[in-house]
file entry_7.txt (compact mmCIF, C-alpha atoms)
# COMPACT_ATOMS: atom_id res chain seq x y z
CA MET A 2 20.66 -16.93 -3.97
CA LYS A 3 17.45 -18.55 -5.14
CA LEU A 4 14.80 -19.67 -2.67
CA GLU A 5 11.57 -21.49 -3.44
CA SER A 6 8.64 -21.98 -1.14
CA GLN A 7 6.77 -25.20 -0.94
CA GLU A 8 4.19 -25.72 -3.68
CA VAL A 9 0.56 -25.61 -2.53
CA LYS A 10 -2.55 -26.80 -4.36
CA ILE A 11 -5.68 -24.67 -4.23
CA PRO A 12 -9.22 -25.26 -5.51
CA LYS A 13 -9.34 -22.37 -7.99
CA ASN A 14 -8.24 -22.16 -11.60
CA ALA A 15 -4.91 -20.58 -12.48
CA GLU A 16 -6.40 -17.53 -14.23
CA PHE A 17 -8.57 -16.58 -11.25
CA THR A 18 -5.68 -17.10 -8.84
CA LEU A 19 -3.17 -15.14 -10.89
CA ASN A 20 -5.59 -12.24 -11.40
CA TYR A 21 -5.96 -12.00 -7.62
CA LEU A 22 -2.19 -11.80 -7.22
CA HIS A 23 -1.91 -8.99 -9.79
CA ASP A 24 -3.50 -6.53 -7.34
CA LEU A 25 -0.69 -5.35 -5.07
CA HIS A 26 -3.19 -4.55 -2.30
CA HIS A 27 -3.87 -8.28 -1.89
CA LEU A 28 -0.30 -9.04 -0.80
CA GLU A 29 -1.14 -7.82 2.70
CA LYS A 30 -3.42 -10.84 3.12
CA PHE A 31 -0.47 -13.15 2.43
CA LEU A 32 1.82 -11.70 5.11
CA PRO A 33 2.54 -13.66 8.29
CA ASP A 34 1.39 -12.29 11.64
CA ASP A 35 4.92 -11.15 12.50
CA CYS A 36 4.91 -8.61 9.63
CA PHE A 37 3.70 -5.10 10.40
CA ASN A 38 3.55 -1.47 9.19
CA TRP A 39 1.85 -2.43 5.90
CA GLN A 40 1.45 0.39 3.38
CA CYS A 41 0.30 0.21 -0.23
CA ASP A 42 -0.46 2.84 -2.84
CA GLY A 43 -1.26 0.39 -5.66
CA ILE A 44 2.13 0.93 -7.33
CA SER A 45 4.35 -0.20 -4.48
CA CYS A 46 3.89 -1.66 -1.02
CA SER A 47 6.02 -1.91 2.08
CA PHE A 48 6.06 -3.79 5.35
CA GLU A 49 8.48 -4.75 8.10
CA THR A 50 9.41 -8.18 9.37
CA LYS A 51 10.64 -9.27 12.75
CA GLY A 52 14.23 -8.14 13.08
CA ASN A 53 13.13 -4.74 11.70
CA ILE A 54 13.78 -5.62 8.07
CA LYS A 55 11.82 -3.21 5.87
CA ILE A 56 10.69 -4.63 2.54
CA ILE A 57 9.46 -2.39 -0.28
CA LEU A 58 8.01 -4.11 -3.35
CA GLN A 59 6.90 -2.87 -6.76
CA LYS A 60 5.30 -4.94 -9.53
CA ASP A 61 8.03 -5.81 -12.00
CA HIS A 62 6.78 -8.31 -14.56
CA SER A 63 3.80 -10.52 -15.23
CA ASP A 64 2.79 -13.16 -17.73
CA ASN A 65 0.13 -15.87 -17.89
CA GLN A 66 1.90 -17.99 -15.24
CA SER A 67 3.43 -15.54 -12.78
CA VAL A 68 3.62 -12.09 -11.26
CA SER A 69 6.93 -10.78 -10.06
CA TYR A 70 7.76 -7.95 -7.72
CA LYS A 71 11.14 -6.30 -7.31
CA SER A 72 12.49 -5.05 -4.04
CA LEU A 73 13.08 -1.31 -3.95
CA SER A 74 14.97 -1.67 -0.68
CA THR A 75 18.50 -3.04 -0.74
CA HIS A 76 19.04 -3.79 2.95
CA PRO A 77 19.80 -6.54 3.75
CA MET A 78 19.60 -7.53 0.06
CA SER A 79 18.14 -6.76 -3.32
CA PHE A 80 15.67 -9.37 -4.57
CA THR A 81 12.71 -10.25 -6.76
CA LEU A 82 9.71 -12.15 -5.47
CA LYS A 83 7.73 -14.15 -8.00
CA GLY A 84 4.30 -15.70 -7.43
CA LYS A 85 4.02 -18.68 -9.77
CA VAL A 86 0.74 -20.33 -10.71
CA SER A 87 0.34 -23.51 -12.73
CA GLU A 88 -2.87 -25.18 -13.85
CA ASP A 89 -3.34 -28.55 -12.20
CA SER A 90 -6.54 -30.45 -12.90
CA ASP A 91 -10.28 -30.24 -12.30
CA ASN A 92 -10.31 -26.44 -11.87
CA THR A 93 -7.39 -26.41 -9.42
CA CYS A 94 -3.92 -24.94 -9.59
CA LYS A 95 -0.60 -25.03 -7.79
CA VAL A 96 1.01 -21.91 -6.35
CA GLN A 97 4.54 -21.20 -5.24
CA PHE A 98 6.71 -18.22 -4.35
CA GLU A 99 10.26 -17.88 -5.64
CA MET A 100 12.78 -15.36 -4.35
CA ASN A 101 15.96 -14.47 -6.24
CA ALA A 102 18.34 -12.38 -4.18
CA THR A 103 21.64 -10.63 -4.72
CA ILE A 104 23.43 -10.95 -1.42
CA ASN A 105 26.82 -11.49 0.12
CA PRO A 106 27.23 -15.27 0.63
CA ILE A 107 27.99 -14.93 4.34
CA VAL A 108 24.95 -12.73 4.97
CA GLY A 109 22.92 -15.03 2.68
CA THR A 110 23.70 -18.00 4.89
CA MET A 111 22.31 -16.12 7.88
CA MET A 112 19.27 -14.71 6.05
CA LYS A 113 18.26 -17.85 4.10
CA PRO A 114 16.22 -19.43 6.95
CA VAL A 115 14.43 -16.12 7.66
CA PHE A 116 13.39 -15.56 4.05
CA THR A 117 12.58 -19.24 3.40
CA ASP A 118 10.28 -19.16 6.41
CA LEU A 119 8.71 -15.89 5.18
CA ILE A 120 7.90 -17.16 1.67
CA ASN A 121 6.60 -20.50 3.01
CA LYS A 122 4.27 -18.65 5.37
CA MET A 123 3.21 -16.36 2.51
CA VAL A 124 2.39 -19.22 0.11
CA ASN A 125 0.35 -20.98 2.80
CA ARG A 126 -1.53 -17.74 3.50
CA TRP A 127 -2.06 -17.31 -0.25
CA ALA A 128 -3.62 -20.77 -0.39
CA GLY A 129 -5.75 -20.01 2.66
CA VAL A 130 -7.02 -16.76 1.18
CA MET A 131 -7.80 -18.38 -2.17
CA ASN A 132 -9.59 -21.28 -0.49
CA ASN A 133 -12.00 -18.80 1.12
CA ILE A 134 -12.83 -16.64 -1.91
CA PRO A 135 -15.97 -17.69 -3.78
CA LEU A 136 -15.66 -17.95 -7.55
CA GLN A 137 -17.50 -15.22 -9.46
CA ASN A 138 -20.03 -16.46 -11.99

call {"tool": "encode", "arguments": {"input": "entry_7.txt", "output": "C-alpha cells"}}
result
Amino acid sequence: MKLESQEVKIPKNAEFTLNYLHDLHHLEKFLPDDCFNWQCDGISCSFETKGNIKIILQKDHSDNQSVSYKSLSTHPMSFTLKGKVSEDSDNTCKVQFEMNATINPIVGTMMKPVFTDLINKMVNRWAGVMNNIPLQN
C-alpha cells in the first residue's frame, strides 16, 4: 500500500529543508497533537498515535531529494516513511511525505484513513515549522 500526503510549498530552499529533516530529533516537531510518548536517541525514534499504535522509526536512506525512515515496529504493519523535497522557484521548495506499507489488504483498508490523516498532518506541521525557521547567513 502506497500513501502520499498532499504536497506543500514552503519559503525555504530544498537543501536547507532537507538538511533539517535529516536530524531525527526534528521529527517530533512534525507530529500531530494526538501523538504522544515521543522518544529519540538520534538513531531511532518512537511515538504512539491515538488507538495506541506505537511507531518506531530509524533513518534508512537519504539522497539529495529525500530522507527515508523505516519502521522497526511491525504492528499493525511494516512501512517506510519518506520525506521528499523538490526545488520549486525563487528560493522555495515543495515537500511531501510518502508511506509504503506491507499490510494485509483488509487491515490496509481500515488503516489507510488513519495513516493518510497522520502523514497529511505531519507534512502541514513540517511546512509550519519550516516557515518559522530563519535562514542562516

call {"tool": "closest_residue", "arguments": {"input": "entry_7.txt", "among": "A:Phe48, A:Phe17, A:Trp39, A:Phe31", "to": "Phe98 in chain A", "atoms": "only C-alpha atoms"}}
result
A:Phe31

call {"tool": "closest_residue", "arguments": {"input": "entry_7.txt", "among": "A:Leu22, A:Val115, A:Thr81, A:Ser72", "to": "Glu99 in chain A", "atoms": "all atoms listed in the file"}}
result
A:Thr81

call {"tool": "atom_distance", "arguments": {"input": "entry_7.txt", "atom1": "CA of Val96 in chain A", "atom2": "CA of Val108 in chain A"}}
result
28.0 Å

call {"tool": "residues_around", "arguments": {"input": "entry_7.txt", "residues": "Asn121 in chain A", "least_positions_apart": "5", "cutoff": "9 Å", "atoms": "all atoms listed in the file", "output": "list in words"}}
result
Glu5, Ser6, Gln7, Glu8, Gln97, Phe98, Phe116 and Arg126 of chain A

call {"tool": "atom_distance", "arguments": {"input": "entry_7.txt", "atom1": "CA of Gln59 in chain A", "atom2": "CA of Met123 in chain A"}}
result
16.8 Å

call {"tool": "closest_residue", "arguments": {"input": "entry_7.txt", "among": "A:Met111, A:Met78, A:Met100, A:Val124", "to": "Lys3 in chain A", "atoms": "all atoms listed in the file"}}
result
A:Met100

call {"tool": "atom_distance", "arguments": {"input": "entry_7.txt", "atom1": "CA of Leu119 in chain A", "atom2": "CA of Asn20 in chain A"}}
result
22.2 Å

call {"tool": "residues_around", "arguments": {"input": "entry_7.txt", "residues": "Thr103 in chain A", "least_positions_apart": "3", "cutoff": "12 Å", "atoms": "all atoms listed in the file", "output": "list in words"}}
result
Met2, Lys3, Leu4, Lys71, Ser72, Ser74, Thr75, His76, Pro77, Met78, Ser79, Phe80, Thr81, Met100, Pro106, Ile107, Val108, Gly109, Met112 and Lys113 of chain A

call {"tool": "closest_residue", "arguments": {"input": "entry_7.txt", "among": "A:Ser63, A:Leu58, A:Asp118, A:Gly129", "to": "Asp35 in chain A", "atoms": "all atoms listed in the file"}}
result
A:Asp118

call {"tool": "residues_near_point", "arguments": {"input": "entry_7.txt", "point": "(1.4, -4.1, 0.4)", "cutoff": "10 Å", "atoms": "only C-alpha atoms", "output": "JSON, numbers by chain"}}
result
{"A": [24, 25, 26, 27, 28, 29, 30, 31, 32, 38, 39, 40, 41, 42, 43, 44, 45, 46, 47, 48, 56, 57, 58, 59]}

call {"tool": "closest_residue", "arguments": {"input": "entry_7.txt", "among": "A:Ala102, A:Val9, A:Ala15, A:Ile134", "to": "Glu88 in chain A", "atoms": "all atoms listed in the file"}}
result
A:Ala15

call {"tool": "residues_around", "arguments": {"input": "entry_7.txt", "residues": "Ile11 in chain A", "least_positions_apart": "5", "cutoff": "10 Å", "atoms": "all atoms listed in the file", "output": "PyMOL selection string"}}
result
chain A and resi 18+89+92-96+125+127-132

call {"tool": "closest_residue", "arguments": {"input": "entry_7.txt", "among": "A:Phe37, A:Asn105, A:Thr110, A:His23", "to": "Asp61 in chain A", "atoms": "all atoms listed in the file"}}
result
A:His23

call {"tool": "axis_aligned_box", "arguments": {"input": "entry_7.txt", "around": "range 12-17 of chain A", "padding_each_side": "4 Å", "output": "AutoDock Vina command-line options"}}
result
--center_x -7.1 --center_y -20.9 --center_z -9.9 --size_x 12.4 --size_y 16.7 --size_z 16.7
